[in-house]
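A.B. asks: If you scroll down you'll find the structure; I have some questions about it.
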Amino acid sequence: MPFERPPTIDPVAAAHWQATAPALSPWLHEEVARRMEQRLQWIRIPPQAWCHWDPVRGGLQAHALVRARYPQALCHVVETAPHLQPVAANALAPAWWSASRWIGAGVRFEAPAPGSVQMLWANMALHMAADPQALIAQWQKALSVDGYLMFSCLGPDTLRELRALYAAMDWPLPGHAFTDMHDWGDMLIEAGFAEPVMDMERITLTFPSAPRLLQELRELGRNLHPARFAGLRGRRWKAGLEQALTERLAAPEHGGQLALTFEIVYGHAYKPTPRVPVAGESAVSLQDMRAMLRGNQRR
């Protein structure tokens, strides 16, 4: 079935976040990327070239882990936020005196040509995209036949404690809705991927105080819901929020610290050989024809 843009994401707010997001990799993003990198041990054929999508927010430490696993693979770095592009270049480009600059396949700070990479890595980006179907289509286009996508994002059970608090206080929703992993799988198939494998886990983060919790949330993202509170909150409201967080989120099993749940969705899918549509007369692109011929030769 066809899918439409998630109705709870304001595209203007999403574009503003994309243009102003902090130039850092949040701890949670790095931890999720570390866990996702461990899943690469099950990939039998290493990629000759791979693409790291939005590495500054997705995890600069994780980039080093994947590069160490595939040192001979050419890496394309795609940073879609202009203000983060120099940050990515400064952090990921090998120094001129470094041996890694001359050994291995190197790093290119440019989008890969269509069908030129065997792995696309996108960590914790999809849940902030205003048009995730278009983004998934970009990823599919960049992959070669039999290339695979590795991605992660937040799931619908994320911030359940905060959502319950806002509902009890009769406040507008604190965040936009996150997509279920089964719906992501359907979108992958709709975009032309095959055999998607979806998985999820819940991670509980604890904080010593309400200000520290709010700081972490500000670094992770923004509320992109179209029905979010439209104005600016005052100091009195913020004080009431911090008091409510302290009273309602304190978890005895975590020593009285404030606890928040994050549902992490992991996705994996590969790009199959294109199929010729069955019709009286069919048109096949040269790129698809070459891909089908290579697939027949492998079989």
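Labels used: A, B, ... for chains in the order of the structure tokens, numbers from 1 for residues in each chain, and numbers from 1 for ligands as shown.
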Find the residues near A:Leu241: any atom within 10 Å, counting only C-alpha atoms, skip ones fewer than 4 places away on the same chain, and give them as a tab-separated table (two decimals) with N, CA and C atoms, in the first residue's frame.
C.D. replies:
chain	number	residue	atom	x	y	z
A	165	LEU	N	2.93	12.33	31.43
A	165	LEU	CA	2.96	13.51	32.28
A	165	LEU	C	2.22	14.67	31.60
A	166	TYR	N	2.49	14.90	30.31
A	166	TYR	CA	1.84	16.00	29.59
A	166	TYR	C	0.33	15.76	29.51
A	169	MET	N	-1.24	16.63	32.82
A	169	MET	CA	-1.27	18.07	33.05
A	169	MET	C	-2.14	18.80	32.04
A	210	ALA	N	15.95	17.40	36.86
A	210	ALA	CA	15.10	17.80	35.74
A	210	ALA	C	15.84	18.69	34.74
A	211	PRO	N	16.66	19.67	35.16
A	211	PRO	CA	17.41	20.46	34.19
A	211	PRO	C	18.34	19.61	33.32
A	214	LEU	N	16.17	17.84	30.67
A	214	LEU	CA	15.74	18.74	29.60
A	214	LEU	C	16.89	19.10	28.68
A	235	ARG	N	9.02	31.50	32.64
A	235	ARG	CA	9.83	30.88	33.68
A	235	ARG	C	8.97	30.12	34.68
A	236	ARG	N	7.78	30.65	34.95
A	236	ARG	CA	6.90	29.97	35.90
A	236	ARG	C	6.48	28.61	35.36
A	237	TRP	N	6.16	28.55	34.06
A	237	TRP	CA	5.78	27.26	33.46
A	237	TRP	C	6.96	26.29	33.50
A	245	LEU	N	8.37	16.92	36.57
A	245	LEU	CA	9.33	15.89	36.18
A	245	LEU	C	9.97	15.24	37.41
A	246	THR	N	10.33	16.07	38.37
A	246	THR	CA	10.98	15.54	39.58
A	246	THR	C	10.04	14.64	40.36
A	247	GLU	N	8.76	15.02	40.42
A	247	GLU	CA	7.81	14.25	41.21
A	247	GLU	C	7.34	12.98	40.50
A.B. asks: Within 9 Å of A:Ala134, counting only C-alpha atoms, which residues show up once you throw out same-chain ones fewer than 4 positions away? Write them as a list in words, please.
C.D. replies: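 Neighbouring residues, sequence-local ones excluded: Gln138, Trp139 and Ala191 of chain A.
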A.B. asks: Name the closest residue to A:Ala73 among the candidates A:Ala269, A:Ala49, A:Val197, A:Leu40; distances are taken between atoms, counting only C-alpha atoms.
C.D. replies: A:Ala49
A.B. asks: As JSON, numbers by chain, please: the residues near stretch 226-234 of chain A (cut-off 7 Å, only C-alpha atoms, same-chain neighbours under 2 positions excluded).
C.D. replies: {"A": [8, 9, 10, 172, 173, 224, 236, 237, 238]}
A.B. asks: Next, the residues of the selection above should be written as a short mmCIF file (atom, residue, chain, number, x, y, z; two decimals), in the first residue's frame with N, CA and C atoms.
C.D. replies:
data_model
loop_
_atom_site.label_atom_id
_atom_site.label_comp_id
_atom_site.auth_asym_id
_atom_site.auth_seq_id
_atom_site.Cartn_x
_atom_site.Cartn_y
_atom_site.Cartn_z
N THR A 8 1.99 13.78 11.81
CA THR A 8 2.34 14.50 13.02
C THR A 8 3.67 15.23 12.91
N ILE A 9 4.24 15.36 11.73
CA ILE A 9 5.50 16.09 11.55
C ILE A 9 5.23 17.36 10.76
N ASP A 10 5.59 18.49 11.34
CA ASP A 10 5.49 19.79 10.67
C ASP A 10 6.73 19.96 9.80
N PRO A 172 -0.44 20.30 25.55
CA PRO A 172 -0.28 19.73 24.21
C PRO A 172 0.84 18.70 24.20
N LEU A 173 0.82 17.83 23.21
CA LEU A 173 1.80 16.73 23.15
C LEU A 173 3.24 17.25 23.18
N LEU A 224 8.26 18.30 16.78
CA LEU A 224 7.86 18.65 15.41
C LEU A 224 6.36 18.47 15.19
N ARG A 236 7.78 30.65 34.95
CA ARG A 236 6.90 29.97 35.90
C ARG A 236 6.48 28.61 35.36
N TRP A 237 6.16 28.55 34.06
CA TRP A 237 5.78 27.26 33.46
C TRP A 237 6.96 26.29 33.50
N LYS A 238 8.14 26.79 33.20
CA LYS A 238 9.32 25.91 33.23
C LYS A 238 9.55 25.37 34.63
#
A.B. asks: Going by DSSP on the backbone, which residues of stretch 82-249 of chain A come out as alpha helix (DSSP H)? List them as an mmCIF file with N, CA and C atoms, in the first residue's frame.
C.D. replies:
data_model
loop_
_atom_site.group_PDB
_atom_site.id
_atom_site.type_symbol
_atom_site.label_atom_id
_atom_site.label_comp_id
_atom_site.auth_asym_id
_atom_site.auth_seq_id
_atom_site.Cartn_x
_atom_site.Cartn_y
_atom_site.Cartn_z
ATOM 1 N N GLN A 85 28.455 20.497 7.527
ATOM 2 C CA GLN A 85 29.398 19.959 6.548
ATOM 3 C C GLN A 85 30.854 20.244 6.909
ATOM 4 N N PRO A 86 31.227 21.475 7.297
ATOM 5 C CA PRO A 86 32.624 21.680 7.708
ATOM 6 C C PRO A 86 32.990 20.915 8.974
ATOM 7 N N VAL A 87 32.018 20.695 9.854
ATOM 8 C CA VAL A 87 32.278 19.905 11.063
ATOM 9 C C VAL A 87 32.633 18.474 10.682
ATOM 10 N N ALA A 88 31.860 17.900 9.738
ATOM 11 C CA ALA A 88 32.142 16.542 9.275
ATOM 12 C C ALA A 88 33.499 16.461 8.603
ATOM 13 N N ALA A 89 33.820 17.459 7.775
ATOM 14 C CA ALA A 89 35.112 17.441 7.069
ATOM 15 C C ALA A 89 36.277 17.532 8.053
ATOM 16 N N ASN A 90 36.163 18.418 9.039
ATOM 17 C CA ASN A 90 37.253 18.569 10.011
ATOM 18 C C ASN A 90 37.419 17.320 10.867
ATOM 19 N N ALA A 91 36.305 16.656 11.172
ATOM 20 C CA ALA A 91 36.365 15.503 12.069
ATOM 21 C C ALA A 91 36.773 14.217 11.362
ATOM 22 N N LEU A 92 36.405 14.074 10.093
ATOM 23 C CA LEU A 92 36.548 12.778 9.425
ATOM 24 C C LEU A 92 37.623 12.742 8.336
ATOM 25 N N PRO A 132 9.946 10.946 5.038
ATOM 26 C CA PRO A 132 10.829 9.773 5.139
ATOM 27 C C PRO A 132 10.803 8.894 3.899
ATOM 28 N N GLN A 133 9.665 8.848 3.185
ATOM 29 C CA GLN A 133 9.615 8.031 1.972
ATOM 30 C C GLN A 133 10.605 8.535 0.930
ATOM 31 N N ALA A 134 10.697 9.861 0.774
ATOM 32 C CA ALA A 134 11.640 10.427 -0.180
ATOM 33 C C ALA A 134 13.077 10.141 0.248
ATOM 34 N N LEU A 135 13.343 10.186 1.548
ATOM 35 C CA LEU A 135 14.684 9.903 2.044
ATOM 36 C C LEU A 135 15.054 8.449 1.800
ATOM 37 N N ILE A 136 14.138 7.533 2.072
ATOM 38 C CA ILE A 136 14.399 6.110 1.822
ATOM 39 C C ILE A 136 14.642 5.868 0.335
ATOM 40 N N ALA A 137 13.910 6.567 -0.519
ATOM 41 C CA ALA A 137 14.108 6.424 -1.959
ATOM 42 C C ALA A 137 15.512 6.891 -2.366
ATOM 43 N N GLN A 138 16.021 7.964 -1.746
ATOM 44 C CA GLN A 138 17.390 8.411 -2.014
ATOM 45 C C GLN A 138 18.388 7.332 -1.650
ATOM 46 N N TRP A 139 18.188 6.716 -0.501
ATOM 47 C CA TRP A 139 19.103 5.667 -0.071
ATOM 48 C C TRP A 139 19.067 4.487 -1.036
ATOM 49 N N GLN A 140 17.863 4.109 -1.452
ATOM 50 C CA GLN A 140 17.733 2.974 -2.371
ATOM 51 C C GLN A 140 18.439 3.257 -3.691
ATOM 52 N N LYS A 141 18.341 4.492 -4.163
ATOM 53 C CA LYS A 141 18.964 4.861 -5.431
ATOM 54 C C LYS A 141 20.484 4.800 -5.354
ATOM 55 N N ALA A 142 21.043 5.137 -4.209
ATOM 56 C CA ALA A 142 22.500 5.159 -4.069
ATOM 57 C C ALA A 142 23.102 3.764 -4.032
ATOM 58 N N ARG A 160 7.526 7.620 26.741
ATOM 59 C CA ARG A 160 6.179 7.315 27.205
ATOM 60 C C ARG A 160 5.897 7.971 28.551
ATOM 61 N N GLU A 161 6.894 8.095 29.420
ATOM 62 C CA GLU A 161 6.693 8.736 30.716
ATOM 63 C C GLU A 161 6.402 10.233 30.538
ATOM 64 N N LEU A 162 7.111 10.865 29.612
ATOM 65 C CA LEU A 162 6.894 12.293 29.379
ATOM 66 C C LEU A 162 5.535 12.544 28.736
ATOM 67 N N ARG A 163 5.126 11.675 27.841
ATOM 68 C CA ARG A 163 3.813 11.826 27.209
ATOM 69 C C ARG A 163 2.688 11.656 28.245
ATOM 70 N N ALA A 164 2.865 10.708 29.159
ATOM 71 C CA ALA A 164 1.863 10.510 30.208
ATOM 72 C C ALA A 164 1.793 11.721 31.121
ATOM 73 N N LEU A 165 2.934 12.327 31.425
ATOM 74 C CA LEU A 165 2.958 13.513 32.276
ATOM 75 C C LEU A 165 2.220 14.671 31.603
ATOM 76 N N TYR A 166 2.495 14.904 30.314
ATOM 77 C CA TYR A 166 1.841 15.997 29.588
ATOM 78 C C TYR A 166 0.328 15.761 29.506
ATOM 79 N N ALA A 167 -0.074 14.510 29.318
ATOM 80 C CA ALA A 167 -1.505 14.204 29.260
ATOM 81 C C ALA A 167 -2.165 14.468 30.604
ATOM 82 N N ALA A 168 -1.492 14.111 31.704
ATOM 83 C CA ALA A 168 -2.048 14.333 33.033
ATOM 84 C C ALA A 168 -2.168 15.818 33.359
ATOM 85 N N MET A 181 7.903 -0.035 13.819
ATOM 86 C CA MET A 181 8.883 -0.722 12.977
ATOM 87 C C MET A 181 8.235 -1.496 11.834
ATOM 88 N N HIS A 182 7.026 -1.992 12.025
ATOM 89 C CA HIS A 182 6.357 -2.722 10.945
ATOM 90 C C HIS A 182 5.994 -1.783 9.791
ATOM 91 N N ASP A 183 5.637 -0.540 10.126
ATOM 92 C CA ASP A 183 5.356 0.433 9.078
ATOM 93 C C ASP A 183 6.627 0.819 8.335
ATOM 94 N N TRP A 184 7.748 0.895 9.042
ATOM 95 C CA TRP A 184 9.016 1.144 8.348
ATOM 96 C C TRP A 184 9.318 0.010 7.370
ATOM 97 N N GLY A 185 9.064 -1.220 7.784
ATOM 98 C CA GLY A 185 9.283 -2.348 6.885
ATOM 99 C C GLY A 185 8.441 -2.252 5.627
ATOM 100 N N ASP A 186 7.166 -1.841 5.794
ATOM 101 C CA ASP A 186 6.301 -1.670 4.625
ATOM 102 C C ASP A 186 6.816 -0.564 3.707
ATOM 103 N N MET A 187 7.321 0.519 4.295
ATOM 104 C CA MET A 187 7.859 1.608 3.484
ATOM 105 C C MET A 187 9.102 1.175 2.711
ATOM 106 N N LEU A 188 9.927 0.347 3.326
ATOM 107 C CA LEU A 188 11.116 -0.152 2.635
ATOM 108 C C LEU A 188 10.724 -0.964 1.400
ATOM 109 N N ILE A 189 9.738 -1.829 1.548
ATOM 110 C CA ILE A 189 9.271 -2.628 0.412
ATOM 111 C C ILE A 189 8.679 -1.720 -0.663
ATOM 112 N N GLU A 190 7.912 -0.723 -0.245
ATOM 113 C CA GLU A 190 7.313 0.216 -1.184
ATOM 114 C C GLU A 190 8.400 0.960 -1.979
ATOM 115 N N ALA A 210 15.946 17.398 36.861
ATOM 116 C CA ALA A 210 15.101 17.797 35.737
ATOM 117 C C ALA A 210 15.841 18.688 34.743
ATOM 118 N N PRO A 211 16.665 19.668 35.163
ATOM 119 C CA PRO A 211 17.415 20.463 34.185
ATOM 120 C C PRO A 211 18.343 19.612 33.315
ATOM 121 N N ARG A 212 18.967 18.594 33.915
ATOM 122 C CA ARG A 212 19.849 17.732 33.111
ATOM 123 C C ARG A 212 19.039 16.918 32.113
ATOM 124 N N LEU A 213 17.852 16.471 32.496
ATOM 125 C CA LEU A 213 16.972 15.731 31.582
ATOM 126 C C LEU A 213 16.561 16.611 30.407
ATOM 127 N N LEU A 214 16.167 17.843 30.670
ATOM 128 C CA LEU A 214 15.737 18.743 29.605
ATOM 129 C C LEU A 214 16.893 19.096 28.677
ATOM 130 N N GLN A 215 18.096 19.221 29.229
ATOM 131 C CA GLN A 215 19.268 19.482 28.394
ATOM 132 C C GLN A 215 19.492 18.337 27.405
ATOM 133 N N GLU A 216 19.356 17.109 27.894
ATOM 134 C CA GLU A 216 19.538 15.945 27.025
ATOM 135 C C GLU A 216 18.494 15.924 25.912
ATOM 136 N N LEU A 217 17.256 16.228 26.242
ATOM 137 C CA LEU A 217 16.200 16.230 25.236
ATOM 138 C C LEU A 217 16.431 17.312 24.188
ATOM 139 N N ARG A 218 16.942 18.471 24.611
ATOM 140 C CA ARG A 218 17.226 19.541 23.649
ATOM 141 C C ARG A 218 18.313 19.121 22.677
ATOM 142 N N GLU A 219 19.272 18.329 23.133
ATOM 143 C CA GLU A 219 20.341 17.871 22.247
ATOM 144 C C GLU A 219 19.859 16.783 21.293
ATOM 145 N N LEU A 220 18.865 16.001 21.724
ATOM 146 C CA LEU A 220 18.388 14.892 20.900
ATOM 147 C C LEU A 220 17.488 15.348 19.760
ATOM 148 N N ARG A 235 9.022 31.502 32.635
ATOM 149 C CA ARG A 235 9.832 30.883 33.684
ATOM 150 C C ARG A 235 8.967 30.123 34.676
ATOM 151 N N ARG A 236 7.777 30.654 34.947
ATOM 152 C CA ARG A 236 6.897 29.973 35.903
ATOM 153 C C ARG A 236 6.478 28.614 35.360
ATOM 154 N N TRP A 237 6.162 28.550 34.056
ATOM 155 C CA TRP A 237 5.781 27.264 33.463
ATOM 156 C C TRP A 237 6.958 26.288 33.495
ATOM 157 N N LYS A 238 8.144 26.786 33.200
ATOM 158 C CA LYS A 238 9.321 25.911 33.226
ATOM 159 C C LYS A 238 9.554 25.370 34.632
ATOM 160 N N ALA A 239 9.391 26.213 35.622
ATOM 161 C CA ALA A 239 9.560 25.750 37.003
ATOM 162 C C ALA A 239 8.536 24.681 37.336
ATOM 163 N N GLY A 240 7.289 24.861 36.858
ATOM 164 C CA GLY A 240 6.269 23.842 37.086
ATOM 165 C C GLY A 240 6.589 22.545 36.369
ATOM 166 N N LEU A 241 7.150 22.653 35.156
ATOM 167 C CA LEU A 241 7.549 21.454 34.417
ATOM 168 C C LEU A 241 8.644 20.699 35.164
ATOM 169 N N GLU A 242 9.650 21.404 35.630
ATOM 170 C CA GLU A 242 10.742 20.749 36.339
ATOM 171 C C GLU A 242 10.247 20.089 37.623
ATOM 172 N N GLN A 243 9.319 20.743 38.310
ATOM 173 C CA GLN A 243 8.760 20.140 39.518
ATOM 174 C C GLN A 243 7.974 18.881 39.187
ATOM 175 N N ALA A 244 7.167 18.926 38.110
ATOM 176 C CA ALA A 244 6.389 17.754 37.705
ATOM 177 C C ALA A 244 7.308 16.611 37.290
ATOM 178 N N LEU A 245 8.373 16.922 36.574
ATOM 179 C CA LEU A 245 9.332 15.887 36.181
ATOM 180 C C LEU A 245 9.965 15.241 37.411
ATOM 181 N N THR A 246 10.328 16.066 38.370
ATOM 182 C CA THR A 246 10.975 15.542 39.580
ATOM 183 C C THR A 246 10.035 14.637 40.363
ATOM 184 N N GLU A 247 8.758 15.019 40.418
ATOM 185 C CA GLU A 247 7.807 14.245 41.206
ATOM 186 C C GLU A 247 7.342 12.985 40.502
ATOM 187 N N ARG A 248 7.131 13.053 39.205
ATOM 188 C CA ARG A 248 6.486 11.957 38.491
ATOM 189 C C ARG A 248 7.447 10.978 37.828
#
A.B. asks: Looking only at the backbone, which of the residues in stretch 84-264 of chain A does DSSP tag as strand (DSSP E), as an NGL selection string?
C.D. replies: :A and (107-108 or 117-123 or 143-154 or 194-207 or 258-264)
A.B. asks: So that I can check the surroundings of A:Pro26, please list as a PyMOL selection string every protein, DNA and RNA residue that reaches within 12 Å of it, counting only C-alpha atoms and ignoring chain neighbours fewer than 4 positions away.
C.D. replies: chain A and resi 21-22+30-33+55-62+123-124+215-221
A.B. asks: Name the residues in contact with A:Tyr266 at a cut-off of 12 Å, using only C-alpha atoms, excluding same-chain residues fewer than 2 positions from it; report them as a VMD selection string.
C.D. replies: chain A and resid 32 to 33 35 to 37 39 121 to 127 149 to 155 180 to 182 184 to 185 196 to 202 263 to 264 268 to 269
